[in-house]
file start.txt (compact mmCIF, C-alpha atoms)
# COMPACT_ATOMS: atom_id res chain seq x y z
CA MET T 93 11.46 -86.24 134.71
CA GLY T 94 15.19 -86.44 135.36
CA ILE T 95 15.82 -88.65 132.33
CA VAL T 96 13.72 -86.42 130.07
CA SER T 97 15.35 -83.22 131.24
CA ASP T 98 18.79 -84.83 130.87
CA PHE T 99 17.92 -85.83 127.33
CA ILE T 100 16.64 -82.36 126.47
CA SER T 101 19.67 -80.66 127.91
CA LYS T 102 22.00 -83.01 125.97
CA LEU T 103 20.00 -82.30 122.83
CA ILE T 104 20.27 -78.56 123.35
CA LYS T 105 23.99 -78.87 124.05
CA ALA T 106 24.53 -80.96 120.91
CA ALA T 107 22.58 -78.44 118.81
CA ALA T 108 24.56 -75.55 120.26
CA GLU T 109 27.83 -77.36 119.54
CA TRP T 110 26.73 -78.02 115.97
CA VAL T 111 25.82 -74.37 115.44
CA ASP T 112 29.12 -73.27 116.96
CA ARG T 113 31.12 -75.67 114.79
CA CYS T 114 29.25 -75.39 111.52
CA LEU T 115 27.58 -72.01 111.10
CA PRO T 116 29.70 -68.90 110.63
CA LYS T 117 29.37 -66.14 113.18
CA TYR T 118 29.10 -62.57 111.97
CA GLU T 119 32.48 -61.28 113.17
CA PRO T 120 33.60 -58.53 110.78
CA GLY T 121 36.65 -57.80 112.90
CA VAL T 122 38.14 -61.15 111.88
CA TRP T 123 38.19 -59.93 108.27
CA ASN T 124 38.43 -56.13 108.50
CA ASP T 125 42.06 -55.55 109.39
CA ASN T 126 42.67 -52.80 106.83
CA ASP T 127 45.62 -54.90 105.70
CA GLY T 128 46.45 -58.25 104.11
CA ILE T 129 43.47 -60.23 105.40
CA GLN T 130 40.97 -57.64 104.27
CA TRP T 131 42.53 -56.95 100.89
CA TYR T 132 43.58 -60.50 99.95
CA ASN T 133 40.32 -62.23 100.82
CA ASN T 134 37.27 -61.47 98.73
CA CYS T 135 33.56 -62.28 98.70
CA TYR T 136 34.24 -65.93 97.82
CA ASN T 137 36.66 -66.34 100.75
CA TYR T 138 34.15 -64.69 103.03
CA GLY T 139 31.23 -66.70 101.73
CA CYS T 140 33.12 -69.95 102.24
CA ASP T 141 34.45 -68.66 105.57
CA ILE T 142 37.97 -69.65 104.53
CA GLN T 143 40.88 -67.18 104.55
CA THR T 144 43.39 -68.14 101.86
CA ASN T 145 44.95 -64.66 101.48
CA SER T 146 44.99 -65.36 97.74
CA TYR T 147 41.76 -63.68 96.60
CA ALA T 148 40.05 -66.99 95.88
CA GLN T 149 38.33 -67.55 92.55
CA PRO T 150 35.64 -70.18 91.97
CA GLY T 151 37.32 -73.17 90.33
CA TYR T 152 40.85 -71.74 90.50
CA ALA T 153 42.01 -74.50 92.86
CA HIS T 154 40.82 -77.02 90.29
CA GLY T 155 42.25 -75.49 87.12
CA ILE T 156 39.13 -73.59 86.05
CA THR T 157 39.49 -70.01 84.82
CA LEU T 158 36.52 -67.65 84.72
CA PRO T 159 35.89 -65.43 81.67
CA ASP T 160 37.85 -62.17 81.59
CA PRO T 161 36.03 -59.40 83.50
CA TYR T 162 36.32 -56.87 80.67
CA THR T 163 36.09 -58.85 77.47
CA GLY T 164 33.98 -61.72 78.74
CA ASN T 165 30.46 -61.95 80.02
CA GLY T 166 30.48 -64.60 82.71
CA THR T 167 27.26 -66.33 83.54
CA CYS T 168 25.78 -68.08 86.56
CA SER T 169 26.76 -71.30 84.86
CA ASP T 170 30.44 -70.27 84.63
CA VAL T 171 30.71 -69.38 88.31
CA THR T 172 28.54 -72.27 89.46
CA GLY T 173 30.78 -74.64 87.51
CA GLY T 174 33.87 -73.33 89.27
CA ALA T 175 32.22 -73.36 92.67
CA GLY T 176 30.97 -76.88 92.10
CA ALA T 177 34.50 -78.06 91.28
CA ASP T 178 35.62 -76.50 94.58
CA GLY T 179 33.04 -78.55 96.45
CA LEU T 180 30.09 -76.20 96.86
CA VAL T 181 26.73 -77.93 96.40
CA VAL T 182 23.68 -76.32 94.79
CA ALA T 183 20.85 -75.84 97.30
CA ASN T 184 17.28 -74.67 97.45
CA CYS T 185 17.38 -71.18 98.99
CA ASP T 186 14.20 -71.71 100.98
CA GLN T 187 15.05 -75.17 102.26
CA GLY T 188 18.61 -74.23 103.22
CA CYS T 189 21.31 -76.79 103.95
CA GLY T 190 19.80 -78.70 106.83
CA CYS T 191 21.91 -80.17 109.58
CA ASP T 192 22.81 -83.63 108.28
CA GLU T 193 26.25 -82.27 107.43
CA CYS T 194 28.39 -79.49 108.84
CA HIS T 195 27.64 -76.86 106.24
CA HIS T 196 26.40 -73.31 105.83
CA GLN T 197 24.50 -71.55 103.10
CA VAL T 198 25.79 -69.04 100.55
CA ALA T 199 24.23 -67.23 97.61
CA LEU T 200 25.70 -66.17 94.28
CA VAL T 201 24.84 -63.05 92.29
CA ILE T 202 26.28 -61.60 89.10
CA LYS T 203 26.77 -58.20 87.60
CA PRO T 204 26.33 -58.79 83.87
CA ASN T 205 28.65 -57.17 81.36
CA THR T 206 26.52 -54.47 79.78
CA GLY T 207 29.40 -52.87 77.95
CA SER T 208 31.72 -52.41 80.90
CA TYR T 209 32.70 -55.47 82.93
CA TRP T 210 31.12 -58.44 84.59
CA ASP T 211 31.68 -59.56 88.14
CA TYR T 212 30.26 -61.96 90.69
CA HIS T 213 29.51 -61.66 94.37
CA TRP T 214 28.69 -64.00 97.26
CA TYR T 215 26.57 -63.63 100.37
CA ARG T 216 26.63 -66.02 103.30
CA LYS T 217 24.02 -66.88 105.89
CA ASP T 218 25.32 -66.49 109.42
CA ARG T 219 24.23 -68.28 112.55
CA ASP T 220 21.88 -65.45 113.49
CA GLY T 221 19.86 -66.24 110.36
CA LYS T 222 20.85 -62.98 108.68
CA TRP T 223 23.15 -62.62 105.70
CA SER T 224 26.47 -60.83 105.42
CA HIS T 225 29.03 -60.25 102.68
CA LYS T 226 32.36 -58.72 101.80
CA MET T 227 32.83 -56.79 98.59
CA GLY T 228 36.31 -57.73 97.40
CA GLY T 229 38.93 -56.03 99.53
CA SER T 230 36.43 -53.85 101.35
CA PRO T 231 35.29 -54.51 104.93
CA ALA T 232 32.77 -57.27 105.66
CA THR T 233 29.29 -56.00 106.44
CA ASN T 234 25.76 -57.22 107.08
CA LEU T 235 24.19 -54.28 105.26
CA ASP T 236 23.05 -53.98 101.66
CA ASN T 237 23.44 -51.02 99.31
CA SER T 238 20.55 -49.25 101.03
CA PHE T 239 22.23 -49.84 104.40
CA ASN T 240 19.54 -52.31 105.49
CA VAL T 241 20.30 -55.55 107.32
CA ILE T 242 20.12 -58.39 104.79
CA ALA T 243 17.27 -60.75 105.57
CA ASP T 244 17.33 -62.34 102.11
CA PRO T 245 19.89 -61.68 99.34
CA ARG T 246 17.17 -62.21 96.73
CA THR T 247 15.42 -59.06 97.85
CA ALA T 248 18.42 -57.07 99.13
CA ASP T 249 19.60 -53.93 97.34
CA ARG T 250 22.48 -55.35 95.30
CA GLY T 251 23.16 -52.40 93.02
CA SER T 252 24.33 -53.53 89.62
CA TYR T 253 24.66 -57.19 90.69
CA THR T 254 21.20 -57.81 89.36
CA ILE T 255 21.27 -61.51 88.47
CA PHE T 256 20.49 -63.86 91.31
CA CYS T 257 22.03 -67.25 90.45
CA GLY T 258 21.01 -69.33 93.44
CA CYS T 259 22.10 -70.80 96.74
CA PHE T 260 24.78 -73.33 97.68
CA CYS T 261 25.90 -75.29 100.69
CA VAL T 262 29.48 -75.06 101.92
CA ASN T 263 30.99 -77.86 103.95
CA LYS T 264 34.34 -76.37 104.90
CA THR T 265 35.91 -79.78 105.36
CA LYS T 266 35.05 -80.68 101.78
CA VAL T 267 35.65 -77.38 100.02
CA THR T 268 39.03 -76.33 98.57
CA ILE T 269 39.46 -72.81 97.28
CA ASP T 270 42.40 -70.77 96.11
CA GLY T 271 43.27 -67.74 94.04
CA PRO T 272 45.98 -66.01 92.06
CA TYR T 273 47.64 -63.90 94.78
CA MET O 133 45.03 -58.56 86.91
CA MET O 134 48.64 -58.41 87.91
CA GLU O 135 50.69 -60.34 90.38
CA LYS O 136 51.84 -58.74 93.60
CA LYS O 137 55.21 -57.08 93.26
CA LYS O 138 56.70 -57.13 96.71
CA GLU O 139 59.93 -55.41 95.75
CA MET O 140 58.21 -52.11 95.01
CA ILE O 141 55.41 -49.97 96.37
CA THR O 142 52.10 -51.00 94.83
CA ALA O 143 48.55 -49.78 95.06
CA ILE O 144 45.51 -51.99 94.60
CA ILE O 145 42.44 -50.32 93.12
CA GLY O 146 39.32 -51.33 95.05
CA ALA O 147 36.78 -52.00 92.31
CA PHE O 148 35.73 -55.63 91.91
CA SER O 149 34.12 -57.91 94.42
CA GLY O 150 34.94 -61.30 92.94
CA HIS O 151 37.60 -60.71 90.32
CA PRO O 152 41.13 -59.76 91.37
CA ASN O 153 41.56 -56.00 91.41
CA PRO O 154 44.09 -54.20 89.23
CA VAL O 155 47.43 -53.53 90.92
CA LEU O 156 49.35 -50.36 90.12
CA PRO O 157 53.11 -50.79 90.21
CA LEU O 158 54.71 -47.43 91.07
CA ASP O 159 58.11 -46.50 89.66
CA ALA O 160 60.73 -44.99 91.98
CA GLU O 161 59.87 -41.36 91.24
CA THR O 162 56.13 -41.89 91.63
CA ALA O 163 56.61 -43.93 94.80
CA GLU O 164 58.79 -41.19 96.26
CA LYS O 165 56.12 -38.60 95.54
CA LEU O 166 53.46 -40.83 97.09
CA VAL O 167 55.54 -41.29 100.22
CA ASP O 168 56.01 -37.52 100.47
CA LEU O 169 52.27 -36.95 100.19
CA PHE O 170 51.53 -39.64 102.75
CA LYS O 171 54.03 -38.13 105.19
CA THR O 172 52.46 -34.71 104.66
CA ALA O 173 49.03 -35.99 105.72
CA ARG O 174 50.05 -38.57 108.31
CA GLY O 175 49.25 -37.56 111.84
CA LYS O 176 48.13 -34.04 110.96
CA GLU O 177 44.33 -34.08 111.17
CA VAL O 178 42.40 -36.91 112.80
CA SER O 179 39.36 -37.97 110.80
CA PRO O 180 36.39 -40.21 111.44
CA PRO O 181 36.56 -43.45 109.41
CA PRO O 182 35.18 -43.30 105.88
CA SER O 183 31.62 -44.46 105.34
CA ALA O 184 30.99 -48.02 104.13
CA PRO O 185 31.36 -48.56 100.39
CA ARG O 186 28.49 -49.95 98.33
CA LEU O 187 28.49 -53.03 96.15
CA GLY O 188 29.52 -52.19 92.61
CA TYR O 189 31.30 -48.96 93.47
CA TYR O 190 34.92 -47.89 93.94
CA TYR O 191 36.17 -48.61 97.45
CA GLY O 192 39.56 -46.93 97.65
CA PHE O 193 43.21 -47.93 97.32
CA PHE O 194 45.37 -50.22 99.39
CA VAL O 195 49.03 -49.20 99.27
CA GLU O 196 51.61 -51.83 100.18
CA ILE O 197 55.13 -50.89 101.12
CA PRO O 198 57.96 -53.43 101.09
CA GLN O 199 59.17 -54.25 104.59
CA GLU O 200 62.73 -52.96 104.21
CA LEU O 201 61.60 -49.68 102.72
CA ALA O 202 58.94 -49.24 105.38
CA LYS O 203 61.49 -49.81 108.10
CA ARG O 204 64.04 -47.47 106.56
CA LEU O 205 61.56 -44.64 106.02
CA ASP O 206 59.53 -45.24 109.18
CA LEU O 207 56.38 -46.02 107.21
CA PRO O 208 53.60 -48.55 107.84
CA LEU O 209 53.63 -51.73 105.74
CA GLY O 210 50.37 -50.61 104.21
CA PHE O 211 47.63 -48.05 104.34
CA THR O 212 44.30 -47.43 102.66
CA VAL O 213 42.85 -44.25 101.30
CA TYR O 214 39.16 -43.80 100.56
CA GLN O 215 36.78 -40.88 100.54
CA GLY O 216 39.51 -38.48 101.55
CA VAL O 217 40.54 -40.51 104.59
CA ILE O 218 43.88 -42.26 105.05
CA THR O 219 43.72 -45.28 107.35
CA GLU O 220 46.75 -47.02 108.81
CA GLY O 221 47.12 -49.76 111.40
CA LYS O 222 45.20 -52.96 111.92
CA GLY O 223 42.03 -53.70 113.82
CA ARG O 224 41.70 -51.65 116.99
CA GLU O 225 45.00 -49.92 116.26
CA GLN O 226 43.54 -48.23 113.20
CA ARG O 227 44.10 -44.50 112.89
CA HIS O 228 42.38 -42.23 110.39
CA TRP O 229 43.83 -39.04 108.96
CA ARG O 230 42.17 -36.53 106.72
CA ASP O 231 43.82 -36.71 103.32
CA ILE O 232 45.03 -33.11 103.29
CA ALA O 233 47.80 -33.97 100.81
CA HIS O 234 45.40 -35.48 98.23
CA VAL O 235 47.00 -38.91 98.25
CA GLU O 236 43.80 -40.42 96.87
CA GLN O 237 43.68 -38.02 93.93
CA PHE O 238 47.34 -38.75 93.23
CA LEU O 239 46.56 -42.47 93.06
CA LEU O 240 43.48 -41.87 90.91
CA ASP O 241 45.72 -39.96 88.52
CA GLN O 242 48.21 -42.84 88.49
CA ALA O 243 45.40 -45.30 87.81
CA GLN O 244 44.28 -43.15 84.93
CA LYS O 245 47.83 -42.96 83.55
CA GLN O 246 48.13 -46.74 83.76
CA GLY O 247 44.99 -47.25 81.69
CA HIS O 248 42.28 -47.73 84.29
CA GLU O 249 40.22 -44.60 83.58
CA GLU O 250 37.40 -46.65 82.07
CA LEU O 251 37.26 -48.99 85.05
CA LEU O 252 37.16 -46.05 87.45
CA LYS O 253 34.30 -44.56 85.50
CA MET O 254 32.44 -47.87 85.66
CA VAL O 255 32.69 -47.97 89.44
CA GLY O 256 31.51 -44.42 89.97
CA ILE O 257 34.62 -42.26 89.64
CA GLU O 258 33.41 -40.08 86.83
CA LYS O 259 36.62 -38.38 85.84
CA PRO O 260 39.90 -38.30 87.71
CA LYS O 261 40.80 -34.61 87.87

call {"tool": "encode", "arguments": {"input": "start.txt", "output": "structure tokens"}}
result
Amino acid sequence: MGIVSDFISKLIKAAAEWVDRCLPKYEPGVWNDNDGIQWYNNCYNYGCDIQTNSYAQPGYAHGITLPDPYTGNGTCSDVTGGAGADGLVVANCDQGCGCDECHHQVALVIKPNTGSYWDYHWYRKDRDGKWSHKMGGSPATNLDNSFNVIADPRTADRGSYTIFCGCFCVNKTKVTIDGPY
Amino acid sequence: MMEKKKEMITAIIGAFSGHPNPVLPLDAETAEKLVDLFKTARGKEVSPPPSAPRLGYYYGFFVEIPQELAKRLDLPLGFTVYQGVITEGKGREQRHWRDIAHVEQFLLDQAQKQGHEELLKMVGIEKPK
């Protein structure tokens, strides 16, 4: 029994360490400082769990520019291309990212340009299994537009960000992001 | 999408989630007026924090003040204004004042003057008055 219980406790410890190291914790206070961190880190920074203080744009660190918000009409493909160059890997939303690597899951949505502007937005899955997000320079939150906790970004109230593009895995040691600020 | 101008007071319009938000550079006269309005409201009436913004809607302004100017005029390095509430200070040190001087409306007017009326309309600010 001693050997088995030792093994189980080591297994539990290893799993806890992996979770601690690899899955982001929902800690809005780390982002919501009402100052530079909050206003110079957007949804992409938050999704990747990387503070660059440069308002990171998918692909920017690798020379990719997204279509203009007003005159363009960016697609899932545009943003996915940039994110892929940064090191994000497309994933099946239901299967998640597994635990073979140290990565967490994010989801991309788009507000199409219907005569005004287009924009994109990211959600991230935290270690509690729920999703959270940060709208641009606003405070991070785990609530959707109806003020419900986000169990699944596919079914969350996303306002005008109606196009669900898909999920991705983020391995922070392999992802490089940056932005114009 | 403009670059940060650290030598002058600027105000970022909270509108986009992913894309960089427009930055309003404020000329000396406008900045002086903004500082006066801020000083009028600062510390006068404590307010609860503003409610959480919703995805796809306007979420206020972030005003940045160059360090030297802030020091000289005894101002914070930055403050936000949203839903009639001015917020200064970081984290637990945050303080909220009711915007009795209409700082937010002043900035909405500046945004309109600098060509962002359409954007404001798109994010739920129907018409800056």

call {"tool": "atom_distance", "arguments": {"input": "start.txt", "atom1": "CA of Gly221 (chain O)", "atom2": "CA of Arg216 (chain T)"}}
result
27.4 Å

call {"tool": "interface_residues", "arguments": {"input": "start.txt", "of": "chain O", "to": "chain T", "cutoff": "8 Å", "atoms": "only C-alpha atoms", "output": "ChimeraX atom specification"}}
result
/O:135-136,146-152,184-188,191,194,210-212,219-223,226,251,254

call {"tool": "closest_residue", "arguments": {"input": "start.txt", "among": "O:Ile218, O:Thr142, O:Phe193, O:Ile232", "to": "Leu252 (chain O)", "atoms": "only C-alpha atoms"}}
result
O:Phe193

call {"tool": "residues_around", "arguments": {"input": "start.txt", "residues": "Arg113 (chain T)", "least_positions_apart": "6", "cutoff": "12 Å", "atoms": "all atoms listed in the file", "output": "list in words"}}
result
Ala106, Ala107, Cys191, Glu193, Cys194, His195, His196, Arg219, Asn263, Lys264 and Thr265 of chain T

call {"tool": "atom_distance", "arguments": {"input": "start.txt", "atom1": "CA of Leu169 (chain O)", "atom2": "CA of Met140 (chain O)"}}
result
17.1 Å

call {"tool": "closest_residue", "arguments": {"input": "start.txt", "among": "T:Asp112, T:Gly176, T:Thr163, T:Asp192", "to": "Pro204 (chain T)", "atoms": "only C-alpha atoms"}}
result
T:Thr163

call {"tool": "build_atoms", "arguments": {"input": "start.txt", "residues": "region 237-255 of chain O", "atoms": "N, CA and C atoms", "output": "PDB file, keeping the file's coordinate frame"}}
result
ATOM      1  N   GLN O 237      43.724 -38.588  95.286  1.00  0.00           N
ATOM      2  CA  GLN O 237      43.680 -38.020  93.930  1.00  0.00           C
ATOM      3  C   GLN O 237      44.954 -38.374  93.165  1.00  0.00           C
ATOM      4  N   PHE O 238      46.079 -38.372  93.855  1.00  0.00           N
ATOM      5  CA  PHE O 238      47.340 -38.750  93.230  1.00  0.00           C
ATOM      6  C   PHE O 238      47.262 -40.186  92.690  1.00  0.00           C
ATOM      7  N   LEU O 239      46.677 -41.072  93.493  1.00  0.00           N
ATOM      8  CA  LEU O 239      46.560 -42.470  93.060  1.00  0.00           C
ATOM      9  C   LEU O 239      45.527 -42.623  91.941  1.00  0.00           C
ATOM     10  N   LEU O 240      44.462 -41.837  92.010  1.00  0.00           N
ATOM     11  CA  LEU O 240      43.480 -41.870  90.910  1.00  0.00           C
ATOM     12  C   LEU O 240      44.147 -41.423  89.610  1.00  0.00           C
ATOM     13  N   ASP O 241      44.994 -40.416  89.706  1.00  0.00           N
ATOM     14  CA  ASP O 241      45.720 -39.960  88.520  1.00  0.00           C
ATOM     15  C   ASP O 241      46.650 -41.063  87.988  1.00  0.00           C
ATOM     16  N   GLN O 242      47.325 -41.743  88.911  1.00  0.00           N
ATOM     17  CA  GLN O 242      48.210 -42.840  88.490  1.00  0.00           C
ATOM     18  C   GLN O 242      47.407 -43.951  87.824  1.00  0.00           C
ATOM     19  N   ALA O 243      46.241 -44.254  88.400  1.00  0.00           N
ATOM     20  CA  ALA O 243      45.400 -45.300  87.810  1.00  0.00           C
ATOM     21  C   ALA O 243      44.978 -44.916  86.403  1.00  0.00           C
ATOM     22  N   GLN O 244      44.656 -43.643  86.248  1.00  0.00           N
ATOM     23  CA  GLN O 244      44.280 -43.150  84.930  1.00  0.00           C
ATOM     24  C   GLN O 244      45.450 -43.294  83.955  1.00  0.00           C
ATOM     25  N   LYS O 245      46.642 -42.876  84.405  1.00  0.00           N
ATOM     26  CA  LYS O 245      47.830 -42.960  83.550  1.00  0.00           C
ATOM     27  C   LYS O 245      48.145 -44.394  83.152  1.00  0.00           C
ATOM     28  N   GLN O 246      47.810 -45.328  84.048  1.00  0.00           N
ATOM     29  CA  GLN O 246      48.130 -46.740  83.760  1.00  0.00           C
ATOM     30  C   GLN O 246      46.967 -47.442  83.059  1.00  0.00           C
ATOM     31  N   GLY O 247      46.020 -46.670  82.554  1.00  0.00           N
ATOM     32  CA  GLY O 247      44.990 -47.250  81.690  1.00  0.00           C
ATOM     33  C   GLY O 247      43.726 -47.722  82.364  1.00  0.00           C
ATOM     34  N   HIS O 248      43.468 -47.251  83.576  1.00  0.00           N
ATOM     35  CA  HIS O 248      42.280 -47.730  84.290  1.00  0.00           C
ATOM     36  C   HIS O 248      41.166 -46.685  84.377  1.00  0.00           C
ATOM     37  N   GLU O 249      41.235 -45.658  83.525  1.00  0.00           N
ATOM     38  CA  GLU O 249      40.220 -44.600  83.580  1.00  0.00           C
ATOM     39  C   GLU O 249      38.818 -45.165  83.366  1.00  0.00           C
ATOM     40  N   GLU O 250      38.718 -46.073  82.393  1.00  0.00           N
ATOM     41  CA  GLU O 250      37.400 -46.650  82.070  1.00  0.00           C
ATOM     42  C   GLU O 250      36.846 -47.433  83.251  1.00  0.00           C
ATOM     43  N   LEU O 251      37.707 -48.215  83.878  1.00  0.00           N
ATOM     44  CA  LEU O 251      37.260 -48.990  85.050  1.00  0.00           C
ATOM     45  C   LEU O 251      36.775 -48.053  86.155  1.00  0.00           C
ATOM     46  N   LEU O 252      37.547 -46.995  86.400  1.00  0.00           N
ATOM     47  CA  LEU O 252      37.160 -46.050  87.450  1.00  0.00           C
ATOM     48  C   LEU O 252      35.793 -45.433  87.153  1.00  0.00           C
ATOM     49  N   LYS O 253      35.588 -45.127  85.894  1.00  0.00           N
ATOM     50  CA  LYS O 253      34.300 -44.560  85.500  1.00  0.00           C
ATOM     51  C   LYS O 253      33.171 -45.572  85.781  1.00  0.00           C
ATOM     52  N   MET O 254      33.448 -46.821  85.472  1.00  0.00           N
ATOM     53  CA  MET O 254      32.440 -47.870  85.660  1.00  0.00           C
ATOM     54  C   MET O 254      32.056 -48.058  87.131  1.00  0.00           C
ATOM     55  N   VAL O 255      32.992 -47.752  88.012  1.00  0.00           N
ATOM     56  CA  VAL O 255      32.690 -47.970  89.440  1.00  0.00           C
ATOM     57  C   VAL O 255      32.411 -46.640  90.161  1.00  0.00           C
TER      58      VAL O 255
END
